Amino acid sequence: MSEQDDLVTIATFPEPMEANMARSALEAAGMDVFLQGETANSMIPVAFVSQLQVRARDEAEARKLLDALDNAPESLQTVTAAELAAEDAAK
């Protein structure tokens, strides 16, 4: 069996930035992660989606991690907005 044979698509992303954030989170957890269609998605975003893939043995853990990220109470935007507000208040 080749390396590509045991890959499972666990999520698709129309936005390359979201796909890369998810990939980074899974890589930080020590998983081998592959992002199929990343380059095509960057060239023509409306025509392609990026497919986030992991090894079949990591599928359950990867889905659990992505679910936890989706259900996180704060997003990057809310954290950034809070940091900017705190900086403004300190001035």
# chains A, B, ... in the order shown; residues from 1 in each chain; ligands from 1
>>> select_by_dssp(residues="range 7-67 of chain A", states="helix (DSSP H, G or I)", output="PyMOL selection string")
chain A and resi 16-28+38-43+56-67
>>> select_by_dssp(residues="range 3-64 of chain A", states="strand (DSSP E or B)", output="VMD selection string")
chain A and resid 7 to 13 33 to 36 50 to 55
>>> closest_residue(among="A:Phe13, A:Gly37, A:Met31, A:Ser24", to="Glu61 in chain A", atoms="only C-alpha atoms")
A:Met31
>>> closest_residue(among="A:Ala56, A:Pro16, A:Glu87, A:Leu65", to="Gln36 in chain A", atoms="only C-alpha atoms")
A:Pro16
>>> atom_distance(atom1="CA of Ala25 in chain A", atom2="CA of Leu66 in chain A")
8.2 Å
>>> residues_around(residues="Thr9 in chain A", least_positions_apart="4", cutoff="7 Å", atoms="only C-alpha atoms", output="list in words")
Gln51, Leu52, Gln53 and Val54 of chain A
>>> write_last_selection(atoms="C-alpha atoms", output="PDB file, in the first residue's frame")
ATOM      1  CA  GLN A  51      -9.419  18.807   0.824  1.00  0.00           C
ATOM      2  CA  LEU A  52      -7.809  18.277   4.217  1.00  0.00           C
ATOM      3  CA  GLN A  53      -6.556  14.712   4.452  1.00  0.00           C
ATOM      4  CA  VAL A  54      -5.004  12.621   7.212  1.00  0.00           C
TER       5      VAL A  54
END
>>> atom_distance(atom1="CA of Leu35 in chain A", atom2="CA of Ser50 in chain A")
6.3 Å
>>> closest_residue(among="A:Val33, A:Leu7, A:Ala89, A:Leu69", to="Arg57 in chain A", atoms="only C-alpha atoms")
A:Leu7
>>> atom_distance(atom1="CA of Lys64 in chain A", atom2="CA of Phe34 in chain A")
17.3 Å
>>> closest_residue(among="A:Val49, A:Ala29, A:Ala90, A:Ala11", to="Asp67 in chain A", atoms="only C-alpha atoms")
A:Ala11
>>> decode(residues="range 5-25 of chain A", atoms="N, CA and C atoms", output="tab-separated table (two decimals), in the first residue's frame")
chain	number	residue	atom	x	y	z
A	5	ASP	N	-2.59	5.73	-0.44
A	5	ASP	CA	-3.74	4.82	-0.34
A	5	ASP	C	-4.47	4.90	0.99
A	6	ASP	N	-3.82	5.30	2.05
A	6	ASP	CA	-4.49	5.29	3.34
A	6	ASP	C	-4.91	6.68	3.81
A	7	LEU	N	-5.08	7.62	2.88
A	7	LEU	CA	-5.51	8.96	3.24
A	7	LEU	C	-7.04	9.05	3.25
A	8	VAL	N	-7.54	9.85	4.21
A	8	VAL	CA	-8.97	10.06	4.35
A	8	VAL	C	-9.22	11.56	4.35
A	9	THR	N	-10.18	12.01	3.54
A	9	THR	CA	-10.55	13.43	3.55
A	9	THR	C	-11.47	13.66	4.74
A	10	ILE	N	-11.06	14.57	5.62
A	10	ILE	CA	-11.86	14.83	6.82
A	10	ILE	C	-12.58	16.17	6.77
A	11	ALA	N	-12.19	17.04	5.84
A	11	ALA	CA	-12.86	18.34	5.71
A	11	ALA	C	-12.51	18.95	4.37
A	12	THR	N	-13.39	19.82	3.90
A	12	THR	CA	-13.12	20.59	2.69
A	12	THR	C	-13.29	22.07	3.04
A	13	PHE	N	-12.51	22.90	2.36
A	13	PHE	CA	-12.50	24.33	2.64
A	13	PHE	C	-12.51	25.13	1.35
A	14	PRO	N	-13.43	26.07	1.20
A	14	PRO	CA	-13.39	26.92	0.03
A	14	PRO	C	-12.33	28.02	0.14
A	15	GLU	N	-11.92	28.34	1.36
A	15	GLU	CA	-10.93	29.39	1.59
A	15	GLU	C	-9.58	28.77	1.97
A	16	PRO	N	-8.51	29.08	1.23
A	16	PRO	CA	-7.19	28.53	1.54
A	16	PRO	C	-6.71	28.86	2.95
A	17	MET	N	-7.03	30.04	3.47
A	17	MET	CA	-6.58	30.42	4.79
A	17	MET	C	-7.18	29.50	5.86
A	18	GLU	N	-8.46	29.19	5.75
A	18	GLU	CA	-9.10	28.29	6.71
A	18	GLU	C	-8.49	26.90	6.64
A	19	ALA	N	-8.22	26.45	5.43
A	19	ALA	CA	-7.61	25.13	5.25
A	19	ALA	C	-6.24	25.08	5.90
A	20	ASN	N	-5.46	26.13	5.73
A	20	ASN	CA	-4.12	26.17	6.31
A	20	ASN	C	-4.15	26.26	7.83
A	21	MET	N	-5.14	26.95	8.38
A	21	MET	CA	-5.28	27.02	9.83
A	21	MET	C	-5.61	25.63	10.40
A	22	ALA	N	-6.50	24.92	9.74
A	22	ALA	CA	-6.86	23.57	10.19
A	22	ALA	C	-5.65	22.64	10.05
A	23	ARG	N	-4.94	22.76	8.95
A	23	ARG	CA	-3.75	21.93	8.74
A	23	ARG	C	-2.72	22.20	9.84
A	24	SER	N	-2.51	23.45	10.16
A	24	SER	CA	-1.54	23.80	11.20
A	24	SER	C	-1.92	23.21	12.56
A	25	ALA	N	-3.21	23.24	12.88
A	25	ALA	CA	-3.67	22.69	14.16
A	25	ALA	C	-3.41	21.19	14.22
